[in-house]
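Trainee: Structure provided below as structure tokens; questions to follow.
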Amino acid sequence: SILKTDGTNPLAGAVLRLETTGGTLIDEWTSATTAHVINDLQVGTYVVKEVSAPSGYMVGENQTVQVTKDNTTTVTFANTLTSVRIIKTDGTNPLAGAKLQILNSSNDVVKEWTTDATGTAVFTGLPVGTYTIKEVEAPEGYVLIETGRQFTITNNAATPDITIVNSSTKVLINKIDSTTNKPVAGATLEIRDASGNQVASWVSDGTEHEILSLP
């Protein structure tokens with residue numbers, strides 16, 4: 001008897017084959033929530049192969065079965081869920097506060113989340129297909145990524161980790177003479193937000209001053 005599981009519970013919908021070690025087909029069936037029983041097998045060695053996995057699962061590895069005389073051989077054949085890990089960073093460190101979506105090939109949103117302090121999210125059980133990661137909101141002080149990132153889920157190979165990097169917002173300010181248009185050193189400047197709070201302050205030195213990560 002052969003039972004397909006998810007590691008814990010019976011799993012329906014997998015197409016399985018029993019073959020001799022020489023590749024001769026003995027039986028083919030679709031798994032249900034009860035074990036599939038094959039009677040009157042000759043003593044010998046057989047191979048259980050998974051032809052296709054249920055949606056959201058990886059195809060299981062082949063299993064060898066030894067059939068002996070006057071004994072019932074029971075095989076449990078487990079599948080693991082498909083999985084993808086998505087990592088959000090600033091190029092060096094994990095990045096919290098990004099709102100992201102995963103869209104399927106029909107442009108439907110299948111997952112949506114906001115990154116936490118780890119910047120990492122893992123999604124399991126996505127069906128085979130091509131998906132797009134879309135950034136809906138960038139973290140404060142970072143530039144929104146407007147181009148989607150595609151990835152593919154297959155049921156026979158692990159999906160590589162996907163790292164998405166945001167760039168800081170950047171402002172360049174140069175203090176110049178209104179008459180000569182030449183850079184001016186020694187001027188004290190500041191930037192305040194809409195509430196009047198100071199967010200940056202510096203003294204000009206005749207070169208462009210760079211301010212990163214302004215909200």
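For the structure tokens, the naming scheme is as follows: chains receive sequential letters (A, B, ...) according to their order of presentation, residues are indexed from 1 within each chain, and ligands are indexed from 1 in presentation order.
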Mind running stretch 159-199 of chain A against stretch 123-132 of chain A at 12 Å and telling me each contacting residue's nearest atom pair with the distance in Å (one decimal), counting only C-alpha atoms, chain and number ascending, as a Markdown table?

Mentor:
| residue | atom | partner | partner_atom | distance |
| --- | --- | --- | --- | --- |
| A:Thr159 | CA | A:Thr124 | CA | 10.8 |
| A:Asp161 | CA | A:Phe123 | CA | 11.2 |
| A:Ile162 | CA | A:Thr132 | CA | 11.4 |

Trainee: Please identify all polymer residues within 10 Å of stretch 34-46 of chain A, counting only C-alpha atoms, omitting same-chain residues fewer than 5 positions from it, and present them as a VMD selection string.

Mentor: chain A and resid 1 to 5 10 to 12 16 18 to 27 29 63 to 76

Trainee: How about saving the chosen residues, C-alpha atoms kept, as a short mmCIF file (atom, residue, chain, number, x, y, z; two decimals), in the first residue's frame?

Mentor:
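Written out: result.cif:
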data_model
loop_
_atom_site.label_atom_id
_atom_site.label_comp_id
_atom_site.auth_asym_id
_atom_site.auth_seq_id
_atom_site.Cartn_x
_atom_site.Cartn_y
_atom_site.Cartn_z
CA SER A 1 0.00 0.00 0.00
CA ILE A 2 1.23 3.48 -0.89
CA LEU A 3 0.10 6.63 0.94
CA LYS A 4 0.89 10.14 -0.25
CA THR A 5 1.21 12.75 2.54
CA PRO A 10 -2.81 12.34 3.63
CA LEU A 11 -2.46 14.32 0.41
CA ALA A 12 -4.77 13.93 -2.57
CA LEU A 16 1.98 8.35 -9.11
CA LEU A 18 4.75 2.04 -9.81
CA GLU A 19 7.43 0.67 -12.14
CA THR A 20 9.92 -2.17 -12.17
CA THR A 21 13.58 -1.19 -11.84
CA GLY A 22 13.75 -1.65 -15.60
CA GLY A 23 11.07 1.00 -16.18
CA THR A 24 8.09 -1.23 -16.96
CA LEU A 25 4.84 0.36 -15.80
CA ILE A 26 2.91 -1.70 -13.25
CA ASP A 27 0.27 0.80 -12.13
CA TRP A 29 -3.08 6.37 -10.11
CA GLN A 63 11.29 5.74 -3.73
CA THR A 64 12.45 2.15 -3.97
CA VAL A 65 10.09 -0.53 -2.66
CA GLN A 66 11.10 -4.05 -1.75
CA VAL A 67 8.25 -6.56 -2.02
CA THR A 68 8.73 -9.80 -0.07
CA LYS A 69 6.71 -12.98 0.05
CA ASP A 70 3.68 -13.10 2.36
CA ASN A 71 4.25 -9.56 3.69
CA THR A 72 2.39 -6.32 3.07
CA THR A 73 4.75 -3.50 2.13
CA THR A 74 3.63 -0.04 3.20
CA VAL A 75 5.21 3.09 1.70
CA THR A 76 4.60 6.67 2.85
#

Trainee: Run DSSP on the backbone and grab whatever in stretch 169-201 of chain A lands in strand (DSSP E or B); send it over as a VMD selection string.

Mentor: chain A and resid 170 to 173 176 183 185 to 192 198 to 201

Trainee: Using only C-alpha atoms, which residues sit within 8 Å of A:Ile87 once same-chain residues fewer than 2 positions away are excluded, as a list in words?

Mentor: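 Residues meeting the cut-off are Arg85, Thr89, Pro94, Gly119, Thr120, Ala121, Asp161, Ile162, Thr163 and Ile164 of chain A.
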
Trainee: Next, dump the selected residues to file, keeping only C-alpha atoms, as a PDB file, in the first residue's frame.

Mentor:
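What landed in out09.pdb:
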ATOM      1  CA  ARG A  85      12.121  33.709   0.372  1.00  0.00           C
ATOM      2  CA  THR A  89      17.579  45.486   2.073  1.00  0.00           C
ATOM      3  CA  PRO A  94      17.570  44.494   6.280  1.00  0.00           C
ATOM      4  CA  GLY A 119      13.339  42.435   5.941  1.00  0.00           C
ATOM      5  CA  THR A 120      12.535  38.818   5.140  1.00  0.00           C
ATOM      6  CA  ALA A 121       9.318  37.019   4.261  1.00  0.00           C
ATOM      7  CA  ASP A 161      16.201  33.628  -2.620  1.00  0.00           C
ATOM      8  CA  ILE A 162      15.145  36.986  -4.059  1.00  0.00           C
ATOM      9  CA  THR A 163      16.853  40.112  -2.713  1.00  0.00           C
ATOM     10  CA  ILE A 164      15.333  43.495  -3.499  1.00  0.00           C
TER      11      ILE A 164
END

Trainee: Residues near A:Thr114, anyone? I mean within 9 Å using only C-alpha atoms, not counting same-chain ones fewer than 6 positions away, as a PyMOL selection string.

Mentor: chain A and resi 96-101+137

Trainee: Let me see the file: selected residues, all heavy atoms, as a PDB file, in the first residue's frame.

Mentor:
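Dumped everything to again-v8.pdb:
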ATOM      1  N   ALA A  96      13.017  47.504   6.937  1.00  0.00           N
ATOM      2  CA  ALA A  96      11.629  47.397   7.377  1.00  0.00           C
ATOM      3  C   ALA A  96      10.786  48.498   6.736  1.00  0.00           C
ATOM      4  O   ALA A  96      11.305  49.525   6.302  1.00  0.00           O
ATOM      5  CB  ALA A  96      11.552  47.507   8.898  1.00  0.00           C
ATOM      6  N   GLY A  97       9.472  48.254   6.689  1.00  0.00           N
ATOM      7  CA  GLY A  97       8.540  49.302   6.285  1.00  0.00           C
ATOM      8  C   GLY A  97       8.205  49.366   4.816  1.00  0.00           C
ATOM      9  O   GLY A  97       7.476  50.269   4.388  1.00  0.00           O
ATOM     10  N   ALA A  98       8.683  48.409   4.023  1.00  0.00           N
ATOM     11  CA  ALA A  98       8.310  48.369   2.603  1.00  0.00           C
ATOM     12  C   ALA A  98       7.028  47.553   2.449  1.00  0.00           C
ATOM     13  O   ALA A  98       6.922  46.451   2.982  1.00  0.00           O
ATOM     14  CB  ALA A  98       9.420  47.753   1.762  1.00  0.00           C
ATOM     15  N   LYS A  99       6.052  48.087   1.740  1.00  0.00           N
ATOM     16  CA  LYS A  99       4.821  47.355   1.464  1.00  0.00           C
ATOM     17  C   LYS A  99       4.937  46.734   0.080  1.00  0.00           C
ATOM     18  O   LYS A  99       5.144  47.434  -0.911  1.00  0.00           O
ATOM     19  CB  LYS A  99       3.609  48.281   1.527  1.00  0.00           C
ATOM     20  CG  LYS A  99       2.279  47.551   1.366  1.00  0.00           C
ATOM     21  CD  LYS A  99       1.097  48.502   1.530  1.00  0.00           C
ATOM     22  CE  LYS A  99      -0.230  47.771   1.385  1.00  0.00           C
ATOM     23  NZ  LYS A  99      -1.382  48.701   1.540  1.00  0.00           N
ATOM     24  N   LEU A 100       4.789  45.407   0.029  1.00  0.00           N
ATOM     25  CA  LEU A 100       5.014  44.660  -1.203  1.00  0.00           C
ATOM     26  C   LEU A 100       3.825  43.760  -1.508  1.00  0.00           C
ATOM     27  O   LEU A 100       3.057  43.378  -0.614  1.00  0.00           O
ATOM     28  CB  LEU A 100       6.274  43.800  -1.068  1.00  0.00           C
ATOM     29  CG  LEU A 100       7.574  44.559  -0.783  1.00  0.00           C
ATOM     30  CD1 LEU A 100       8.603  43.644  -0.164  1.00  0.00           C
ATOM     31  CD2 LEU A 100       8.111  45.171  -2.061  1.00  0.00           C
ATOM     32  N   GLN A 101       3.711  43.414  -2.778  1.00  0.00           N
ATOM     33  CA  GLN A 101       2.682  42.482  -3.228  1.00  0.00           C
ATOM     34  C   GLN A 101       3.314  41.442  -4.145  1.00  0.00           C
ATOM     35  O   GLN A 101       4.309  41.718  -4.824  1.00  0.00           O
ATOM     36  CB  GLN A 101       1.574  43.209  -4.004  1.00  0.00           C
ATOM     37  CG  GLN A 101       0.765  44.196  -3.200  1.00  0.00           C
ATOM     38  CD  GLN A 101      -0.229  44.955  -4.071  1.00  0.00           C
ATOM     39  OE1 GLN A 101      -0.058  45.076  -5.286  1.00  0.00           O
ATOM     40  NE2 GLN A 101      -1.282  45.470  -3.443  1.00  0.00           N
ATOM     41  N   GLU A 137       4.644  50.627  -1.517  1.00  0.00           N
ATOM     42  CA  GLU A 137       5.140  51.767  -0.749  1.00  0.00           C
ATOM     43  C   GLU A 137       6.575  51.493  -0.343  1.00  0.00           C
ATOM     44  O   GLU A 137       6.888  50.406   0.154  1.00  0.00           O
ATOM     45  CB  GLU A 137       4.298  52.008   0.509  1.00  0.00           C
ATOM     46  CG  GLU A 137       2.869  52.426   0.243  1.00  0.00           C
ATOM     47  CD  GLU A 137       2.067  52.582   1.530  1.00  0.00           C
ATOM     48  OE1 GLU A 137       2.688  52.560   2.622  1.00  0.00           O
ATOM     49  OE2 GLU A 137       0.834  52.708   1.445  1.00  0.00           O
TER      50      GLU A 137
END
